[in-house]
Every structure is written in C-alpha cells, then in structure tokens.
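A.B. asks: Coordinates in work-v6.cif, mmCIF, C-alpha atoms, are listed below.
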data_start
loop_
_atom_site.label_atom_id
_atom_site.label_comp_id
_atom_site.auth_asym_id
_atom_site.auth_seq_id
_atom_site.Cartn_x
_atom_site.Cartn_y
_atom_site.Cartn_z
CA MET Q 1 157.54 43.05 -85.96
CA ASP Q 2 157.53 43.93 -82.24
CA ASN Q 3 157.35 47.69 -81.79
CA ILE Q 4 160.29 49.53 -80.21
CA TYR Q 5 159.42 52.79 -78.46
CA ASN Q 6 161.55 55.85 -77.66
CA ILE Q 7 160.14 57.72 -74.66
CA SER Q 8 161.49 61.02 -73.39
CA SER Q 9 160.04 63.69 -71.12
CA ASP Q 10 158.15 65.37 -73.96
CA ASN Q 11 158.19 62.79 -76.73
CA PHE Q 12 156.77 59.32 -77.47
CA LYS Q 13 157.29 57.62 -80.79
CA ILE Q 14 157.70 54.25 -82.46
CA LEU Q 15 161.17 53.73 -83.86
CA ASP Q 16 161.58 52.54 -87.43
CA SER Q 17 164.20 49.87 -87.95
CA LYS Q 18 167.06 50.62 -90.33
CA LEU Q 19 168.52 48.17 -92.81
CA PHE Q 20 172.24 47.49 -92.86
CA GLU Q 21 174.15 48.94 -95.78
CA SER Q 22 175.66 45.56 -96.69
CA GLU Q 23 175.91 41.96 -95.59
CA LYS Q 24 179.57 42.59 -94.76
CA GLU Q 25 178.56 45.29 -92.28
CA LEU Q 26 176.16 42.86 -90.60
CA GLN Q 27 178.73 40.08 -90.54
CA ASN Q 28 181.51 42.30 -89.17
CA LEU Q 29 179.23 43.63 -86.44
CA THR Q 30 178.66 40.12 -85.04
CA ILE Q 31 182.37 39.34 -85.24
CA LYS Q 32 183.31 42.53 -83.38
CA TYR Q 33 180.50 42.13 -80.83
CA PRO Q 34 179.93 38.36 -80.48
CA GLU Q 35 177.61 39.00 -77.51
CA LEU Q 36 174.96 39.80 -80.15
CA LEU Q 37 174.88 36.06 -80.83
CA ASN Q 38 174.24 34.95 -77.23
CA LEU Q 39 170.69 33.85 -78.08
CA LEU Q 40 172.18 31.13 -80.27
CA SER Q 41 173.67 29.34 -77.27
CA GLU Q 42 171.45 27.18 -75.11
CA SER Q 43 173.11 28.60 -71.99
CA GLN Q 44 173.10 32.09 -73.57
CA SER Q 45 176.87 32.27 -73.28
CA THR Q 46 178.84 34.07 -75.97
CA PRO Q 47 179.72 31.77 -78.91
CA VAL Q 48 183.36 31.71 -79.97
CA LEU Q 49 184.42 32.40 -83.55
CA ILE Q 50 186.40 29.51 -85.02
CA SER Q 51 186.80 31.19 -88.38
CA ASP Q 52 185.04 33.50 -90.81
CA GLU Q 53 184.77 32.86 -94.53
CA VAL Q 54 185.35 29.11 -94.26
CA ARG Q 55 185.53 27.36 -97.64
CA ILE Q 56 184.00 23.90 -97.96
CA SER Q 57 183.25 21.74 -101.01
CA THR Q 58 179.68 23.09 -101.34
CA GLY Q 59 180.39 26.79 -100.83
CA ARG Q 60 181.61 29.23 -98.22
CA ILE Q 61 180.37 29.54 -94.63
CA ASP Q 62 180.25 33.17 -93.51
CA ASN Q 63 180.90 32.50 -89.80
CA PHE Q 64 181.81 29.19 -88.14
CA LEU Q 65 181.49 29.23 -84.34
CA VAL Q 66 181.18 26.97 -81.29
CA ASP Q 67 179.48 27.51 -77.93
CA ASN Q 68 180.70 26.26 -74.55
CA GLU Q 69 178.50 23.17 -74.86
CA ALA Q 70 180.69 22.08 -77.83
CA ILE Q 71 177.88 22.65 -80.35
CA PRO Q 72 179.07 23.78 -83.83
CA ILE Q 73 177.27 26.86 -85.21
CA LEU Q 74 177.22 27.74 -88.93
CA ILE Q 75 176.00 31.19 -89.91
CA GLU Q 76 174.90 32.42 -93.32
CA VAL Q 77 174.49 36.20 -93.41
CA LYS Q 78 171.81 37.76 -95.64
CA GLU Q 79 170.79 41.39 -95.88
CA ARG Q 80 167.09 42.12 -96.50
CA SER Q 81 167.65 43.40 -100.05
CA ASN Q 82 169.22 40.06 -101.08
CA VAL Q 83 166.46 38.06 -102.80
CA GLU Q 84 168.21 34.85 -101.72
CA LEU Q 85 166.85 35.52 -98.22
CA LYS Q 86 163.37 34.49 -99.37
CA ARG Q 87 164.10 30.80 -99.96
CA LYS Q 88 167.47 30.12 -101.53
CA VAL Q 89 169.36 30.71 -98.28
CA VAL Q 90 167.72 27.67 -96.70
CA GLY Q 91 168.91 25.54 -99.62
CA GLN Q 92 172.42 26.91 -99.12
CA LEU Q 93 172.43 25.84 -95.48
CA LEU Q 94 171.14 22.38 -96.36
CA ASP Q 95 173.90 22.11 -98.97
CA TYR Q 96 176.51 23.06 -96.36
CA ALA Q 97 175.06 20.57 -93.86
CA SER Q 98 175.42 17.72 -96.35
CA THR Q 99 179.23 17.99 -96.53
CA ILE Q 100 180.45 19.91 -93.49
CA SER Q 101 181.19 16.83 -91.37
CA ASN Q 102 183.61 15.44 -93.95
CA ASP Q 103 185.02 18.80 -95.04
CA LEU Q 104 185.91 20.19 -91.60
CA ILE Q 105 186.53 17.15 -89.41
CA GLU Q 106 190.34 17.38 -89.87
CA MET Q 107 190.51 21.10 -89.09
CA ASN Q 108 192.62 22.09 -86.07
CA PHE Q 109 189.81 24.03 -84.42
CA GLU Q 110 191.73 25.48 -81.49
CA GLU Q 111 194.46 26.80 -83.78
CA GLU Q 112 191.77 28.38 -85.99
CA ILE Q 113 190.31 30.08 -82.91
CA LYS Q 114 193.73 31.44 -81.95
CA SER Q 115 194.20 32.71 -85.51
CA SER Q 116 190.81 34.46 -85.39
CA CYS Q 117 191.72 36.02 -82.03
CA ARG Q 118 194.86 37.51 -83.57
CA LYS Q 119 192.97 38.64 -86.66
CA HIS Q 120 190.21 40.39 -84.72
CA SER Q 121 192.26 41.49 -81.66
CA PHE Q 122 190.52 39.26 -79.11
CA ASP Q 123 192.14 38.16 -75.84
CA GLU Q 124 193.10 34.58 -76.72
CA VAL Q 125 193.45 33.40 -73.11
CA GLU Q 126 190.10 34.87 -72.07
CA VAL Q 127 188.30 33.43 -75.10
CA LEU Q 128 189.64 29.90 -74.53
CA ASP Q 129 189.04 30.01 -70.77
CA ASN Q 130 185.41 30.90 -71.38
CA LEU Q 131 185.11 28.17 -73.99
CA TYR Q 132 186.45 25.46 -71.67
CA GLN Q 133 184.51 26.45 -68.57
CA ASN Q 134 182.21 23.41 -68.83
CA TYR Q 135 184.67 20.74 -70.03
CA GLU Q 136 188.36 20.04 -69.95
CA LYS Q 137 189.92 20.83 -73.34
CA GLU Q 138 190.43 17.25 -74.57
CA GLU Q 139 186.86 16.22 -73.73
CA PHE Q 140 185.43 19.42 -75.20
CA TRP Q 141 186.88 18.80 -78.66
CA GLU Q 142 185.99 15.12 -78.54
CA ILE Q 143 182.34 16.05 -77.95
CA PHE Q 144 182.56 18.75 -80.62
CA SER Q 145 183.90 16.30 -83.22
CA LYS Q 146 181.17 13.79 -82.41
CA ASN Q 147 178.54 16.51 -82.75
CA LEU Q 148 179.97 17.55 -86.10
CA LYS Q 149 180.19 13.97 -87.35
CA ASN Q 150 176.59 13.20 -86.33
CA ASN Q 151 175.08 16.44 -87.73
CA ARG Q 152 174.41 17.83 -84.27
CA PHE Q 153 174.91 21.49 -85.10
CA LYS Q 154 173.02 24.73 -85.56
CA LEU Q 155 172.43 26.18 -89.01
CA VAL Q 156 171.71 29.88 -88.64
CA VAL Q 157 170.35 32.45 -91.06
CA LEU Q 158 171.42 35.88 -89.80
CA ALA Q 159 169.50 38.83 -91.26
CA ASP Q 160 168.42 42.37 -90.47
CA LYS Q 161 164.82 41.52 -91.41
CA PHE Q 162 163.11 38.25 -92.40
CA TYR Q 163 160.46 37.51 -94.95
CA PRO Q 164 157.45 35.61 -93.50
CA SER Q 165 158.05 32.77 -95.97
CA THR Q 166 161.62 32.32 -94.70
CA GLU Q 167 160.39 32.22 -91.10
CA ARG Q 168 157.88 29.49 -91.94
CA ILE Q 169 160.51 27.37 -93.71
CA ILE Q 170 162.94 27.69 -90.77
CA GLN Q 171 160.27 26.73 -88.25
CA TYR Q 172 159.21 23.75 -90.36
CA LEU Q 173 162.73 22.42 -90.81
CA ASN Q 174 163.48 22.88 -87.12
CA GLN Q 175 160.47 20.77 -86.21
CA GLU Q 176 161.08 18.02 -88.75
CA THR Q 177 164.83 17.39 -88.52
CA GLN Q 178 166.20 15.06 -85.87
CA ASN Q 179 169.58 16.41 -84.76
CA THR Q 180 170.18 19.65 -86.65
CA ASN Q 181 168.72 22.95 -85.43
CA PHE Q 182 167.66 25.54 -88.02
CA ILE Q 183 167.57 29.01 -86.52
CA GLY Q 184 166.80 32.49 -87.76
CA LEU Q 185 168.42 35.38 -85.90
CA GLU Q 186 167.19 38.84 -86.76
CA LEU Q 187 169.30 41.84 -85.73
CA MET Q 188 167.11 44.92 -85.91
CA LYS Q 189 168.97 48.23 -86.10
CA PHE Q 190 167.63 51.53 -84.76
CA GLU Q 191 169.09 55.00 -84.58
CA VAL Q 192 168.43 56.84 -81.29
CA ASN Q 193 170.03 60.23 -80.60
CA GLU Q 194 173.00 59.48 -82.86
CA ASN Q 195 173.45 56.11 -81.17
CA THR Q 196 172.95 52.73 -82.82
CA VAL Q 197 170.67 50.30 -80.99
CA ILE Q 198 170.68 46.60 -81.95
CA VAL Q 199 167.82 44.32 -80.89
CA PRO Q 200 168.39 40.56 -81.45
CA LYS Q 201 165.33 38.37 -82.06
CA LEU Q 202 165.14 34.59 -82.52
CA ILE Q 203 163.01 33.20 -85.32
CA GLY Q 204 161.48 29.83 -84.50
CA SER Q 205 159.40 29.73 -81.34
CA THR Q 206 160.07 26.02 -80.73
CA TYR Q 207 163.83 26.46 -80.43
CA PHE Q 208 164.14 26.81 -76.67
CA SER Q 209 161.12 24.74 -75.58
CA SER Q 210 161.82 22.24 -72.81
CA ASN Q 211 161.42 19.43 -75.33
CA SER Q 212 163.78 20.95 -77.90
CA LYS Q 213 166.27 18.67 -79.61
CA LEU Q 214 169.31 20.09 -77.88
CA SER Q 215 167.75 19.56 -74.45
CA SER Q 216 166.59 15.98 -74.97
CA LYS Q 217 167.92 12.51 -75.67
CA SER Q 218 168.36 13.25 -79.37
CA LEU Q 219 171.56 15.20 -78.66
CA ASN Q 220 173.04 11.97 -77.39
CA ASP Q 221 171.37 8.70 -76.55
CA GLU Q 222 170.56 7.29 -73.11
CA ASN Q 223 171.65 3.88 -74.41
CA VAL Q 224 175.24 5.13 -74.81
CA PHE Q 225 175.20 6.22 -71.17
CA LEU Q 226 173.86 2.87 -69.94
CA GLU Q 227 176.24 0.87 -72.15
CA GLN Q 228 179.22 2.73 -70.68
CA ILE Q 229 177.85 2.17 -67.16
CA SER Q 230 177.84 -1.56 -67.86
CA ALA Q 231 181.29 -1.53 -69.53
CA ASN Q 232 182.76 0.38 -66.59
CA LYS Q 233 181.23 -2.16 -64.17
CA VAL Q 234 179.61 0.47 -61.97
CA THR Q 235 176.04 -0.86 -62.13
CA SER Q 236 176.07 -1.02 -58.33
CA SER Q 237 175.68 2.77 -58.39
CA LEU Q 238 172.44 2.62 -60.38
CA ASP Q 239 170.19 2.50 -57.31
CA LEU Q 240 171.40 5.89 -56.09
CA MET Q 241 171.40 7.24 -59.64
CA ASP Q 242 167.74 6.24 -59.87
CA LYS Q 243 167.08 8.18 -56.65
CA ILE Q 244 168.61 11.26 -58.25
CA ASP Q 245 166.49 10.70 -61.38
CA GLU Q 246 163.30 10.40 -59.35
CA TRP Q 247 164.09 13.61 -57.51
CA ALA Q 248 164.97 15.42 -60.78
CA VAL Q 249 161.64 14.38 -62.33
CA GLU Q 250 159.76 15.54 -59.24
CA LYS Q 251 161.47 18.94 -59.38
CA GLN Q 252 160.91 19.19 -63.17
CA LEU Q 253 164.59 19.47 -64.02
CA HIS Q 254 165.65 19.10 -67.65
CA PHE Q 255 167.50 15.94 -68.68
CA LYS Q 256 170.28 15.98 -71.26
CA TYR Q 257 172.85 13.39 -72.35
CA ASN Q 258 176.42 13.91 -73.54
CA ASP Q 259 178.48 11.02 -74.89
CA GLY Q 260 181.98 12.43 -74.72
CA LYS Q 261 184.95 10.49 -73.41
CA THR Q 262 182.81 9.87 -70.34
CA ALA Q 263 179.08 9.79 -71.06
CA THR Q 264 176.99 11.91 -68.69
CA ARG Q 265 173.37 12.41 -67.76
CA GLN Q 266 172.85 16.07 -66.93
CA TYR Q 267 170.22 17.68 -64.74
CA ARG Q 268 169.53 21.28 -65.71
CA LEU Q 269 167.53 24.02 -64.02
CA ASP Q 270 164.46 25.42 -65.73
CA ASN Q 271 165.84 28.96 -65.91
CA ASP Q 272 166.87 31.40 -68.65
CA LYS Q 273 170.34 29.90 -68.90
CA ASN Q 274 169.25 26.25 -68.55
CA THR Q 275 171.99 26.00 -65.90
CA LEU Q 276 173.59 22.62 -65.25
CA LEU Q 277 172.91 21.69 -61.62
CA CYS Q 278 174.88 18.43 -61.61
CA SER Q 279 175.57 15.29 -63.65
CA THR Q 280 175.86 11.58 -63.13
CA THR Q 281 178.61 9.97 -65.19
CA SER Q 282 179.18 6.55 -66.72
CA LYS Q 283 182.16 6.20 -64.36
CA GLY Q 284 179.66 6.08 -61.50
CA GLU Q 285 180.28 9.63 -60.29
CA ILE Q 286 178.17 12.63 -59.45
CA SER Q 287 179.85 15.75 -60.79
CA PHE Q 288 179.40 19.51 -60.56
CA ARG Q 289 180.51 22.38 -62.78
CA LEU Q 290 181.22 24.85 -60.01
CA GLY Q 291 182.32 27.55 -62.45
CA GLU Q 292 178.88 27.54 -64.07
CA LEU Q 293 177.00 27.48 -60.74
CA ASN Q 294 179.12 30.35 -59.47
CA LYS Q 295 177.68 32.58 -62.21
CA ILE Q 296 174.10 32.33 -60.95
CA LEU Q 297 174.71 32.18 -57.20
CA SER Q 298 175.37 35.01 -54.81
CA THR Q 299 178.78 35.02 -53.13
CA GLU Q 300 177.13 33.76 -49.96
CA GLY Q 301 175.19 31.03 -51.82
CA TYR Q 302 178.28 29.78 -53.65
CA LYS Q 303 180.31 29.75 -50.43
CA ASP Q 304 177.51 27.80 -48.74
CA LEU Q 305 177.52 25.15 -51.49
CA PHE Q 306 181.32 24.95 -51.59
CA THR Q 307 181.54 24.56 -47.80
CA PHE Q 308 178.83 21.91 -47.80
CA LEU Q 309 180.58 19.82 -50.47
CA GLU Q 310 183.94 20.08 -48.71
CA THR Q 311 182.47 19.24 -45.29
CA THR Q 312 180.32 16.36 -46.52
CA PHE Q 313 182.61 14.69 -49.03
CA GLY Q 314 186.10 15.95 -48.21
CA ASN Q 315 188.56 18.12 -50.12
CA ALA Q 316 189.32 15.27 -52.57
CA ILE Q 317 186.05 16.03 -54.37
CA PHE Q 318 187.53 19.11 -56.02
CA ALA Q 319 189.39 18.99 -59.31
CA LYS Q 320 192.52 21.08 -59.69
CA PRO Q 321 191.53 24.75 -60.06
CA LYS Q 322 192.42 26.67 -63.22
CA ASP Q 323 193.91 29.42 -61.08
CA LYS Q 324 194.02 30.38 -57.41
CA GLU Q 325 191.58 33.27 -57.72
CA ALA Q 326 188.89 31.40 -59.67
CA GLY Q 327 189.01 28.37 -57.40
CA PRO Q 328 187.88 24.87 -58.41
CA GLN Q 329 185.84 24.79 -61.61
CA PHE Q 330 184.80 21.13 -61.32
CA ALA Q 331 184.00 18.68 -58.54
CA SER Q 332 183.12 14.99 -58.57
CA ILE Q 333 182.83 11.99 -56.26
CA LEU Q 334 182.13 8.30 -56.75
CA ILE Q 335 178.49 7.53 -56.03
CA SER Q 336 179.59 4.25 -54.45
CA ASN Q 337 181.29 6.35 -51.75
CA ILE Q 338 178.06 8.23 -50.97
CA THR Q 339 175.55 7.00 -48.41
CA GLN Q 340 171.81 7.44 -48.82
CA THR Q 341 171.91 9.92 -45.94
CA GLU Q 342 174.60 12.02 -47.64
CA LEU Q 343 172.64 11.98 -50.89
CA ASN Q 344 169.53 13.17 -49.05
CA LYS Q 345 171.57 16.00 -47.51
CA LEU Q 346 172.86 16.99 -50.95
CA ILE Q 347 169.34 17.06 -52.38
CA GLU Q 348 168.11 19.13 -49.43
CA LYS Q 349 170.99 21.58 -49.92
CA PHE Q 350 170.14 21.95 -53.62
CA GLU Q 351 166.49 22.62 -52.78
CA ILE Q 352 167.44 25.34 -50.30
CA ILE Q 353 170.12 27.09 -52.39
CA PHE Q 354 168.22 26.95 -55.70
CA ASP Q 355 164.72 27.29 -54.22
CA LEU Q 356 163.46 24.07 -55.80
#
Once more with this new file: its structure as structure tokens, please.
C.D. replies:
Amino acid sequence: MDNIYNISSDNFKILDSKLFESEKELQNLTIKYPELLNLLSESQSTPVLISDEVRISTGRIDNFLVDNEAIPILIEVKERSNVELKRKVVGQLLDYASTISNDLIEMNFEEEIKSSCRKHSFDEVEVLDNLYQNYEKEEFWEIFSKNLKNNRFKLVVLADKFYPSTERIIQYLNQETQNTNFIGLELMKFEVNENTVIVPKLIGSTYFSSNSKLSSKSLNDENVFLEQISANKVTSSLDLMDKIDEWAVEKQLHFKYNDGKTATRQYRLDNDKNTLLCSTTSKGEISFRLGELNKILSTEGYKDLFTFLETTFGNAIFAKPKDKEAGPQFASILISNITQTELNKLIEKFEIIFDL
C-alpha cells in the first residue's frame, strides 16, 4: 500500500489505515458523498446513483449508477473481513453481468434517479443537469440502453482493502474482456486529529491507458459511424472530416465513437479529464460541448472561443441554452457549410487556446 504521512511542526509519522465497521457503512459513505467515486468516471465527473439495493434474477446489486458519458456502473461492496472479497466477489459480478441487460432494460432509469434523490436528500434538478451536460436527455438514455444491452458497463468491486489475489483477477479480467470494464476501487480510511480522511485508489493500472476499451473503437464501432454517414447521404463532407482526423492524429488526440441516435466520432484531449474537444457526426456536422469545455478554460479563454465561433460561423451555430446564466451548452454546424480556410482557422484557434 502507498504510505500516507501526517506531518506537523514537531511530528512525522506514517498513518495506519482503519477498516470500516461494516459493508453498510462503506456503502452509505459513497451514497452520501458520491464524489468519492469520481475515479470511476472516464471524465472524473461524479457518477449519479440510479438506485441502491437493486434486485435482479442473479442476486442484488449494492449500487447501480451512471456517469455523464451514459456508461452504467455496477458496484459490489465488500469489507476486508468478508472472505468473499478474495475470489467469490468476482464470480458475483460475472453472474450479475450475465443477466443485467435483460433484467434492467425496462427500468425507468430517470424516475429511479428521482426516487433516489428524494430518498437521500439530493437536489434533483442539480443532479439531472449534471448528468445531461454532455447529451440531450433523449439521446443520453438511448446511448445508455445500447451500452447496457451490449455489455458496455463497469463492474466495480468497492472495498476498504484488497487482497493481492483479488487485484490480479480484476486486472486479468479487465485485459481479457472486450466491452466490460472490471475495476477495483479501494477507499482507505485514516483518522487524523479526530477527523476522518478517505483516500480513493483505483485497482487495475490498465484502466485509464490511452488504449483502454472505453477510449477506443470497442465502445462503439467506426463502421456504425460510416454506415450512418452513407445513409444520411453526407459523404461529400468526408474530405474535411479526413482533414480533422489527420490533424487529430498529429496532435495525439484520443479517438472515441458513440453510436447514439446520431453516431459521432469524438476527439478528446490527453488530459486528466480526457476532455472532449469536438466531434464529427454522422449528420455531417462538427459539434462542440461548450459546457464541458467551459469547465477547463479560463473565463477569458472560454469567451475567446465563444466569440470566435460566433464570428466565424454565425449565431445559428449555438443550440438553445439550458438557462440564460449558463449560456449555450452545445454548438454545431454542417461541415458542408465550412470552407477549408474556416476549418484551418478553427484548428489554429484550438491549438492556441488548448496549447496543442
């Protein structure tokens, strides 16, 4: 285990981690403070609780969540003293994975989230706004359902301390499975001056590599994107799309595909949050999630980008804002309406603002 040190003016010592008194205590802590689960989301946003104690045909899922990329997250909580943590817990998760698509596909997920908000005294409006910051609601749940149906979800073992054998099994399964991510999340507890300190730690070093399953074509297939391009009769936009691809490869951006109502090819920054820079869509558009970019840009940087888009492409590029204060959350424009010169200007602006 990584050492945690407590340093004061006259004292230096290694802190000893404390075990939780029960699995229920560990489970309730993550429900009350969902930010403890941020490492489970590719963008490190806070996952949203759909429901706790969900019964399915093969057992009971402790916590069922979703992140703002519409990825389902199933959590099985095990306290160190539970001998099932050694190996049996992995079998439990595999058992859940075998039936979850059929068992939960008819669930009204948004209503379950609202029910959980009432149960745990969360702000329902704030929770849902954060959940839908990357997609409109209808598209979000369409992508979520497809992910669930095609076993594109995260199976998580949550524990206060892992056995080495469990870590090895999780890493092995994560490497060998195609769509499903197996993850171990360790929440180490320390007592410092009558305060409780929680240190989250991911188990499985391959999880966030640039070639990980959730950042590559295996999440969704490039063929779906190209098929929709052809069906939508926007192949005339492919030349400029190829220019964007060539630039993205040169700048070592991450590629990711989503096959929602409108399939997209996403270009993501190589940063801690794997931020989405822009997307090309099967409708022949280039689109931007301004709400996500606003989180990593300074006020001046965001204003610069916003002004550039409005000046270059006109006010029609902006989707209707969620509210007047937040401003537009999305923007898009048909690639067929963009000249090569305008595309070059856009690329140059990205390079300046994001230091590419």
A.B. asks: Smallest atom-to-atom distance to Ile105 (chain Q): which of Q:Asn147, Q:Val90, Q:Glu138, Q:Glu76, using only C-alpha atoms?
C.D. replies: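 Selected residue with least distance to Ile105 (chain Q): Q:Asn147.
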A.B. asks: Report as an mmCIF file with C-alpha atoms, keeping the file's coordinate frame all protein, DNA and RNA residues lying within 9 Å of Ser17 (chain Q), evaluated on only C-alpha atoms, omitting residues in the same chain fewer than 4 positions from it.
C.D. replies:
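Wrote selection_28.cif, looks like this:
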data_model
loop_
_atom_site.group_PDB
_atom_site.id
_atom_site.type_symbol
_atom_site.label_atom_id
_atom_site.label_comp_id
_atom_site.auth_asym_id
_atom_site.auth_seq_id
_atom_site.Cartn_x
_atom_site.Cartn_y
_atom_site.Cartn_z
ATOM 1 C CA ILE Q 4 160.290 49.530 -80.210
ATOM 2 C CA ASP Q 160 168.420 42.370 -90.470
ATOM 3 C CA MET Q 188 167.110 44.920 -85.910
ATOM 4 C CA LYS Q 189 168.970 48.230 -86.100
ATOM 5 C CA PHE Q 190 167.630 51.530 -84.760
ATOM 6 C CA GLU Q 191 169.090 55.000 -84.580
#
A.B. asks: On this structure, the PyMOL selection byres ((chain Q and resi 329) around 6) would catch which residues? List them as a PyMOL selection string, sorted by chain and number.
C.D. replies: chain Q and resi 289-291+321+328+330
A.B. asks: Using only the atoms of region 269-272 of chain Q listed in the file, plus 8 Å on each side, state the axis-aligned box centre and edge lengths in Å rounded to one decimal, as lines of an AutoDock Vina configuration file.
C.D. replies:
center_x = 166.0
center_y = 27.7
center_z = -66.3
size_x = 19.1
size_y = 23.4
size_z = 20.6
A.B. asks: Apply the PyMOL selection byres ((chain Q and resi 222-227) around 6) to the structure shown and report the selected residues as a VMD selection string.
C.D. replies: chain Q and resid 221 228 to 230 263 282
A.B. asks: Could you state which residues are captured by the PyMOL selection byres ((chain Q and resi 171) around 12) in this file, as a list of chain:residue names?
C.D. replies: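 Taken over the shown coordinates, the PyMOL selection byres ((chain Q and resi 171) around 12) returns Q:Val90, Q:Val156, Q:Val157, Q:Pro164, Q:Ser165, Q:Thr166, Q:Glu167, Q:Arg168, Q:Ile169, Q:Ile170, Q:Tyr172, Q:Leu173, Q:Asn174, Q:Gln175, Q:Glu176, Q:Thr177, Q:Asn181, Q:Phe182, Q:Ile183, Q:Gly184, Q:Leu202, Q:Ile203, Q:Gly204, Q:Ser205, Q:Thr206, Q:Tyr207.
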A.B. asks: List as a tab-separated table every residue of region 12-129 of chain Q that is in contact with region 265-275 of chain Q, defined as an atom at most 12 Å from one of its atoms (using only C-alpha atoms), together with the nearest atom pair and the distance in Å rounded to one decimal, sorted by chain and then rising number.
C.D. replies:
residue	atom	partner	partner_atom	distance
Q:Asn38	CA	Q:Lys273	CA	10.5
Q:Leu39	CA	Q:Lys273	CA	10.0
Q:Leu40	CA	Q:Lys273	CA	11.6
Q:Ser41	CA	Q:Lys273	CA	9.0
Q:Glu42	CA	Q:Lys273	CA	6.9
Q:Ser43	CA	Q:Lys273	CA	4.3
Q:Gln44	CA	Q:Lys273	CA	5.9
Q:Ser45	CA	Q:Lys273	CA	8.2
Q:Thr46	CA	Q:Lys273	CA	11.8
Q:Glu69	CA	Q:Thr275	CA	11.4
A.B. asks: To one decimal place, how far is CA of Asn6 (chain Q) from CA of Val197 (chain Q) in Å?
C.D. replies: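 Distance reported for this atom pair: 11.2 Å.
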A.B. asks: I want to know what sits within 10 Å of Phe288 (chain Q), based on all atoms listed in the file, with residues of the same chain fewer than 4 positions away left out; could you give that as a list in words?
C.D. replies: Asn134, Gln266, Leu276, Leu277, Cys278, Ser279, Thr280, Glu292, Leu293, Ile317, Phe318, Gln329, Phe330, Ala331, Ser332 and Ile333 of chain Q
A.B. asks: Please return as an MDAnalysis selection string every residue within 12 Å of (184.1, 30.1, -71.3), taking into account all atoms listed in the file and the file's own coordinates.
C.D. replies: chainID Q and resid 43:48 66:70 124:137 140 291:292 295 329
A.B. asks: Neighbouring residues of region 62-65 of chain Q were defined as those with any atom within 10 Å, considering all atoms listed in the file; residues of the same chain fewer than 6 positions away were excluded. Please report them as number ranges by chain.
C.D. replies: Q: 24, 27-28, 30-31, 47-55, 71-78, 109, 113, 154-156, 158
A.B. asks: Could the residues in this selection be saved with C-alpha atoms as a compact mmCIF listing (two decimals), keeping the file's coordinate frame?
C.D. replies:
# COMPACT_ATOMS: atom_id res chain seq x y z
CA LYS Q 24 179.57 42.59 -94.76
CA GLN Q 27 178.73 40.08 -90.54
CA ASN Q 28 181.51 42.30 -89.17
CA THR Q 30 178.66 40.12 -85.04
CA ILE Q 31 182.37 39.34 -85.24
CA PRO Q 47 179.72 31.77 -78.91
CA VAL Q 48 183.36 31.71 -79.97
CA LEU Q 49 184.42 32.40 -83.55
CA ILE Q 50 186.40 29.51 -85.02
CA SER Q 51 186.80 31.19 -88.38
CA ASP Q 52 185.04 33.50 -90.81
CA GLU Q 53 184.77 32.86 -94.53
CA VAL Q 54 185.35 29.11 -94.26
CA ARG Q 55 185.53 27.36 -97.64
CA ILE Q 71 177.88 22.65 -80.35
CA PRO Q 72 179.07 23.78 -83.83
CA ILE Q 73 177.27 26.86 -85.21
CA LEU Q 74 177.22 27.74 -88.93
CA ILE Q 75 176.00 31.19 -89.91
CA GLU Q 76 174.90 32.42 -93.32
CA VAL Q 77 174.49 36.20 -93.41
CA LYS Q 78 171.81 37.76 -95.64
CA PHE Q 109 189.81 24.03 -84.42
CA ILE Q 113 190.31 30.08 -82.91
CA LYS Q 154 173.02 24.73 -85.56
CA LEU Q 155 172.43 26.18 -89.01
CA VAL Q 156 171.71 29.88 -88.64
CA LEU Q 158 171.42 35.88 -89.80
A.B. asks: From the options Q:Leu104, Q:Ile143, Q:Ile14, Q:Leu297, which residue's atoms come nearest to Thr262 (chain Q), counting all atoms listed in the file?
C.D. replies: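 The closest residue to Thr262 (chain Q) is Q:Ile143.
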A.B. asks: Given the choices Q:Leu343, Q:Ile338, Q:Ala316, Q:Val199, which gets closest to Ile244 (chain Q) if the distance is worked out from only C-alpha atoms?
C.D. replies: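 When distances to Ile244 (chain Q) are compared using only C-alpha atoms, the smallest one comes from Q:Leu343.
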A.B. asks: If you count only C-alpha atoms, which residues fall within 9 Å of Ser236 (chain Q), apart from same-chain ones fewer than 4 positions away, as an MDAnalysis selection string?
C.D. replies: chainID Q and resid 240 284 336
A.B. asks: Enter the distance from CA of Phe144 (chain Q) to CA of Lys256 (chain Q), in Å, rounded to one decimal.
C.D. replies: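 CA of Phe144 (chain Q) sits 15.7 Å away from CA of Lys256 (chain Q).
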A.B. asks: Which residue is closest to Lys345 (chain Q)? Choose from Q:Phe255, Q:Tyr163, Q:Phe308, Q:Tyr5 and count all atoms listed in the file.
C.D. replies: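 Among the listed residues, Q:Phe308 lies closest to Lys345 (chain Q).
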A.B. asks: Can you work out the spacing between CA of Glu246 (chain Q) and CA of Thr312 (chain Q) in Å, to one decimal?
C.D. replies: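 According to the coordinates, CA of Glu246 (chain Q) and CA of Thr312 (chain Q) are separated by 22.1 Å.
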